[in-house]
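Here's the structure, in structure tokens; my notes come after.
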Amino acid sequence: MAPHSERERVVELVAAKAAEILEPQGVELVEVEYRREGGQWVLRLFVDRPGGITLDDCAKVSRQVGDLLEVTDPIDHPYTLEVSSPGLDRPLRSERDFERYRGRQVRIKTFAPVEGRKRFHGKLVGLREGKVEVEVEGRLYAISREAISKANLDVEDELLRSGG
């Protein structure tokens with residue numbers, strides 16, 4: 001399916017090109033955002049790696065992706081490139097994310113109600129047959145990935161539960 005807008009075209013192109021150079025280095029491209037902020041365009045890449053991403057890692061990725069964008073030139077106007085960690089409440093999008101963070105606390109929002117609710121806050125059980133399983137207050141919900149509008153780790157809740 002073709003991108004619907006210039007913004008989507010840039011995000012798809014940058015995501016594909018950046019992943020090609022980052023994955024061999026063990027760096028995961030979590031998300032690409034391209035949008036206007038304060039009257040200027042910002043291209044923001046969120047990257048991670050097992051054990052976490054450092055400031056030096058972000059600087060290296062910024063140089064590499066910046067060099068790549070100089071050559072491919074997908075954006076025909078001024079913009080700012082930012083590279084950062086997805087944060088402790090990182091978004092969950094891929095099957096790999098839902099498997100990797102099994103057992104962790106999550107917050108999930110759906111586009112439409114699933115079994116009478118649109119917000120799920122509980123323990124990620126995993127992924128089975130294309131559905132994300134989350135345990136909320138002792139009850140198991142199976143939510144199709146297509147129904148999820150937003151899913152994030154809930155580190156704050158984990159810290160509260162552990163007394164940290």
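Chain labels A, B, ... are given in the sequence in which chains occur in the structure tokens; within each chain residues are numbered consecutively from 1, and ligands are likewise numbered from 1 in the order shown.
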key: Every residue of region 44-85 of chain A that DSSP places in strand (DSSP E or B), as a ChimeraX atom specification   = /A:44-48,79-84
Kindly export the residues of the current selection with C-alpha atoms, as a PDB file, in the first residue's frame.
```
ATOM      1  CA  ARG A  44      13.090  11.753  15.550  1.00  0.00           C
ATOM      2  CA  LEU A  45      14.446   8.207  15.771  1.00  0.00           C
ATOM      3  CA  PHE A  46      14.001   6.100  18.886  1.00  0.00           C
ATOM      4  CA  VAL A  47      16.621   3.361  19.170  1.00  0.00           C
ATOM      5  CA  ASP A  48      17.411   0.655  21.703  1.00  0.00           C
ATOM      6  CA  TYR A  79      14.581  19.746   9.576  1.00  0.00           C
ATOM      7  CA  THR A  80      16.223  18.687  12.812  1.00  0.00           C
ATOM      8  CA  LEU A  81      17.390  15.092  13.319  1.00  0.00           C
ATOM      9  CA  GLU A  82      17.064  13.774  16.880  1.00  0.00           C
ATOM     10  CA  VAL A  83      18.032  10.314  18.135  1.00  0.00           C
ATOM     11  CA  SER A  84      17.073   9.073  21.581  1.00  0.00           C
TER      12      SER A  84
END
```
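Distance annotation: of A:Cys58, A:Val114, A:Val30, A:Val155, the residue with the minimal separation from Leu140 (chain A) is A:Val114; atom set is only C-alpha atoms.
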Can you build me a table of region 69-113 of chain A residues sitting at most 10 Å from region 117-128 of chain A, with the closest atom pair per residue and its distance in Å to one decimal, using only C-alpha atoms, sorted by chain and residue number, as CSV?
```
residue,atom,partner,partner_atom,distance
A:Glu95,CA,A:Leu127,CA,7.3
A:Arg96,CA,A:Leu127,CA,9.2
A:Asp97,CA,A:Gly126,CA,9.4
A:Phe98,CA,A:Gly126,CA,5.9
A:Glu99,CA,A:Gly126,CA,5.5
A:Arg100,CA,A:Gly126,CA,8.5
A:Tyr101,CA,A:Leu124,CA,7.2
A:Arg102,CA,A:Gly126,CA,5.1
A:Gly103,CA,A:Leu124,CA,5.2
A:Arg104,CA,A:Lys123,CA,5.5
A:Gln105,CA,A:Lys123,CA,4.5
A:Val106,CA,A:Gly122,CA,5.6
A:Arg107,CA,A:His121,CA,4.6
A:Ile108,CA,A:Phe120,CA,5.0
A:Lys109,CA,A:Arg119,CA,4.6
A:Thr110,CA,A:Lys118,CA,5.0
A:Phe111,CA,A:Lys118,CA,7.1
A:Ala112,CA,A:Lys118,CA,6.1
A:Pro113,CA,A:Lys118,CA,4.6
```
Per residue of region 52-138 of chain A within 9 Å of region 12-17 of chain A, note the shortest atom pair and the distance in Å to one decimal, counting only C-alpha atoms, and order the rows by chain and increasing residue number, as a tab-separated table.
```
residue	atom	partner	partner_atom	distance
A:Val65	CA	A:Lys17	CA	8.4
A:Leu68	CA	A:Lys17	CA	7.9
A:Leu69	CA	A:Val14	CA	8.0
A:Pro74	CA	A:Leu13	CA	7.7
```
Can you spit out the residues from that selection as a PDB file, in the first residue's frame, using N, CA and C atoms?
```pdb
ATOM      1  N   VAL A  65      23.025   8.043  10.571  1.00  0.00           N
ATOM      2  CA  VAL A  65      21.766   8.311   9.877  1.00  0.00           C
ATOM      3  C   VAL A  65      21.845   9.677   9.181  1.00  0.00           C
ATOM      4  N   LEU A  68      23.673   9.166   6.009  1.00  0.00           N
ATOM      5  CA  LEU A  68      22.795   8.453   5.081  1.00  0.00           C
ATOM      6  C   LEU A  68      21.776   9.409   4.453  1.00  0.00           C
ATOM      7  N   LEU A  69      21.196  10.285   5.275  1.00  0.00           N
ATOM      8  CA  LEU A  69      20.186  11.217   4.778  1.00  0.00           C
ATOM      9  C   LEU A  69      20.797  12.263   3.848  1.00  0.00           C
ATOM     10  N   PRO A  74      15.945  12.472   1.317  1.00  0.00           N
ATOM     11  CA  PRO A  74      14.502  12.259   1.175  1.00  0.00           C
ATOM     12  C   PRO A  74      13.636  13.456   1.604  1.00  0.00           C
TER      13      PRO A  74
END
```
request  = Pick out the closest residue to Leu22 (chain A) from this set: A:Gln64, A:Ser149, A:Ser144, A:Gln40. Count only C-alpha atoms.
outcome  = A:Gln64
ask   = Looking only at the backbone, which of the residues in chain A does DSSP tag as helix (DSSP H, G or I), as JSON, numbers by chain?
value = {"A": [6, 7, 8, 9, 10, 11, 12, 13, 14, 15, 16, 17, 18, 19, 20, 21, 22, 23, 24, 25, 55, 56, 57, 58, 59, 60, 61, 62, 63, 64, 65, 66, 67, 68, 69, 70, 71, 72, 95, 96, 97, 98, 99, 100, 145, 146, 147, 155, 156, 157, 158, 159, 160, 161, 162]}
With C-alpha atoms retained, could you export that selection as a compact mmCIF listing (two decimals), in the first residue's frame?
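Output file out_16.txt follows:
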```txt
# COMPACT_ATOMS: atom_id res chain seq x y z
CA GLU A 6 4.65 13.08 2.45
CA ARG A 7 5.11 12.47 6.19
CA GLU A 8 4.37 8.74 5.85
CA ARG A 9 6.69 8.49 2.82
CA VAL A 10 9.57 10.02 4.78
CA VAL A 11 8.94 7.82 7.84
CA GLU A 12 8.82 4.63 5.74
CA LEU A 13 11.94 5.51 3.75
CA VAL A 14 13.98 6.60 6.78
CA ALA A 15 12.86 3.56 8.81
CA ALA A 16 13.88 1.14 6.05
CA LYS A 17 17.25 2.79 5.36
CA ALA A 18 18.13 3.33 9.03
CA ALA A 19 17.25 -0.25 9.97
CA GLU A 20 19.64 -1.52 7.26
CA ILE A 21 22.60 0.19 8.92
CA LEU A 22 21.55 -0.21 12.57
CA GLU A 23 20.47 -3.85 12.80
CA PRO A 24 23.93 -5.29 11.93
CA GLN A 25 25.26 -3.27 14.88
CA LEU A 55 24.25 8.79 24.90
CA ASP A 56 27.34 7.79 22.87
CA ASP A 57 25.22 5.22 21.00
CA CYS A 58 22.66 7.93 20.17
CA ALA A 59 25.40 10.27 18.93
CA LYS A 60 26.87 7.51 16.73
CA VAL A 61 23.44 6.66 15.28
CA SER A 62 22.80 10.37 14.66
CA ARG A 63 26.05 10.67 12.67
CA GLN A 64 25.39 7.50 10.68
CA VAL A 65 21.77 8.31 9.88
CA GLY A 66 22.66 11.96 9.20
CA ASP A 67 25.30 10.84 6.67
CA LEU A 68 22.79 8.45 5.08
CA LEU A 69 20.19 11.22 4.78
CA GLU A 70 22.76 13.53 3.18
CA VAL A 71 23.21 10.95 0.42
CA THR A 72 19.59 9.81 -0.05
CA GLU A 95 5.56 -9.40 17.80
CA ARG A 96 9.11 -9.42 19.13
CA ASP A 97 8.23 -6.64 21.60
CA PHE A 98 5.24 -8.53 22.96
CA GLU A 99 7.34 -11.68 23.39
CA ARG A 100 10.41 -9.93 24.81
CA ARG A 145 -2.78 -6.58 17.48
CA GLU A 146 -4.87 -4.72 14.90
CA ALA A 147 -7.24 -3.56 17.67
CA VAL A 155 7.72 0.85 34.53
CA GLU A 156 6.20 3.25 37.06
CA ASP A 157 3.71 0.60 38.17
CA GLU A 158 6.51 -2.00 38.43
CA LEU A 159 8.55 0.37 40.63
CA LEU A 160 5.57 1.00 42.90
CA ARG A 161 4.91 -2.74 43.25
CA SER A 162 8.56 -3.45 44.07
```
Within 6 Å of Asp89 (chain A) using only C-alpha atoms, minus same-chain residues under 6 positions, as a PyMOL selection string = chain A and resi 152-155
I need the residues from that last selection saved to file as a PDB file, in the first residue's frame (with N, CA and C atoms), if you can.
```pdb
ATOM      1  N   ASN A 152       2.302   0.285  25.818  1.00  0.00           N
ATOM      2  CA  ASN A 152       3.568   0.718  26.409  1.00  0.00           C
ATOM      3  C   ASN A 152       3.879  -0.117  27.641  1.00  0.00           C
ATOM      4  N   LEU A 153       5.186  -0.233  27.933  1.00  0.00           N
ATOM      5  CA  LEU A 153       5.589  -0.789  29.214  1.00  0.00           C
ATOM      6  C   LEU A 153       5.147   0.183  30.295  1.00  0.00           C
ATOM      7  N   ASP A 154       4.856  -0.322  31.481  1.00  0.00           N
ATOM      8  CA  ASP A 154       4.471   0.528  32.608  1.00  0.00           C
ATOM      9  C   ASP A 154       5.495   0.345  33.722  1.00  0.00           C
ATOM     10  N   VAL A 155       6.637   0.986  33.565  1.00  0.00           N
ATOM     11  CA  VAL A 155       7.723   0.849  34.526  1.00  0.00           C
ATOM     12  C   VAL A 155       7.352   1.482  35.859  1.00  0.00           C
TER      13      VAL A 155
END
```
query = Which residues come within 9 Å of Tyr141 (chain A), counting only C-alpha atoms, excluding same-chain residues fewer than 6 positions away, as a list in words?
reply =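 Non-adjacent residues within range: Val114, Glu115, Phe120, Val132, Glu133, Val134 and Glu135 of chain A.
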For the selection you just gave me, I'd like the residues written to a file as a PDB file, in the first residue's frame, keeping N, CA and C atoms.
```pdb
ATOM      1  N   VAL A 114     -12.979  -3.925  23.705  1.00  0.00           N
ATOM      2  CA  VAL A 114     -12.738  -5.360  23.638  1.00  0.00           C
ATOM      3  C   VAL A 114     -13.269  -5.912  24.957  1.00  0.00           C
ATOM      4  N   GLU A 115     -14.260  -6.773  24.865  1.00  0.00           N
ATOM      5  CA  GLU A 115     -14.918  -7.317  26.060  1.00  0.00           C
ATOM      6  C   GLU A 115     -15.318  -6.187  27.012  1.00  0.00           C
ATOM      7  N   PHE A 120      -6.437  -1.340  29.159  1.00  0.00           N
ATOM      8  CA  PHE A 120      -6.003  -2.533  29.866  1.00  0.00           C
ATOM      9  C   PHE A 120      -4.685  -2.208  30.561  1.00  0.00           C
ATOM     10  N   VAL A 132      -2.503 -10.407  21.602  1.00  0.00           N
ATOM     11  CA  VAL A 132      -1.736 -10.047  22.786  1.00  0.00           C
ATOM     12  C   VAL A 132      -2.554 -10.463  23.993  1.00  0.00           C
ATOM     13  N   GLU A 133      -1.942 -11.227  24.885  1.00  0.00           N
ATOM     14  CA  GLU A 133      -2.636 -11.656  26.097  1.00  0.00           C
ATOM     15  C   GLU A 133      -2.139 -10.839  27.274  1.00  0.00           C
ATOM     16  N   VAL A 134      -3.087 -10.242  27.977  1.00  0.00           N
ATOM     17  CA  VAL A 134      -2.756  -9.423  29.140  1.00  0.00           C
ATOM     18  C   VAL A 134      -3.682  -9.816  30.287  1.00  0.00           C
ATOM     19  N   GLU A 135      -3.090  -9.949  31.479  1.00  0.00           N
ATOM     20  CA  GLU A 135      -3.864 -10.294  32.670  1.00  0.00           C
ATOM     21  C   GLU A 135      -4.152  -9.019  33.447  1.00  0.00           C
TER      22      GLU A 135
END
```
request  = Measuring atom to atom with only C-alpha atoms, identify which of A:His77, A:Leu92, A:Val136, A:Ile143 is nearest to Trp41 (chain A).
outcome  = A:His77
query = Please, what distance in Å, to one decimal, runs between CA of Val32 (chain A) and CA of Pro86 (chain A)?
reply = 10.4 Å
inquiry  = With distances taken over only C-alpha atoms, which residue among A:Gly51, A:Gly116, A:Pro78, A:Gly130 lies nearest Gly39 (chain A)?
reply    =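 Closest to Gly39 (chain A) of all the choices is A:Pro78.
The gap separating CA of Glu28 (chain A) from CA of Ser85 (chain A) is 10.3 Å, in Å to one decimal.
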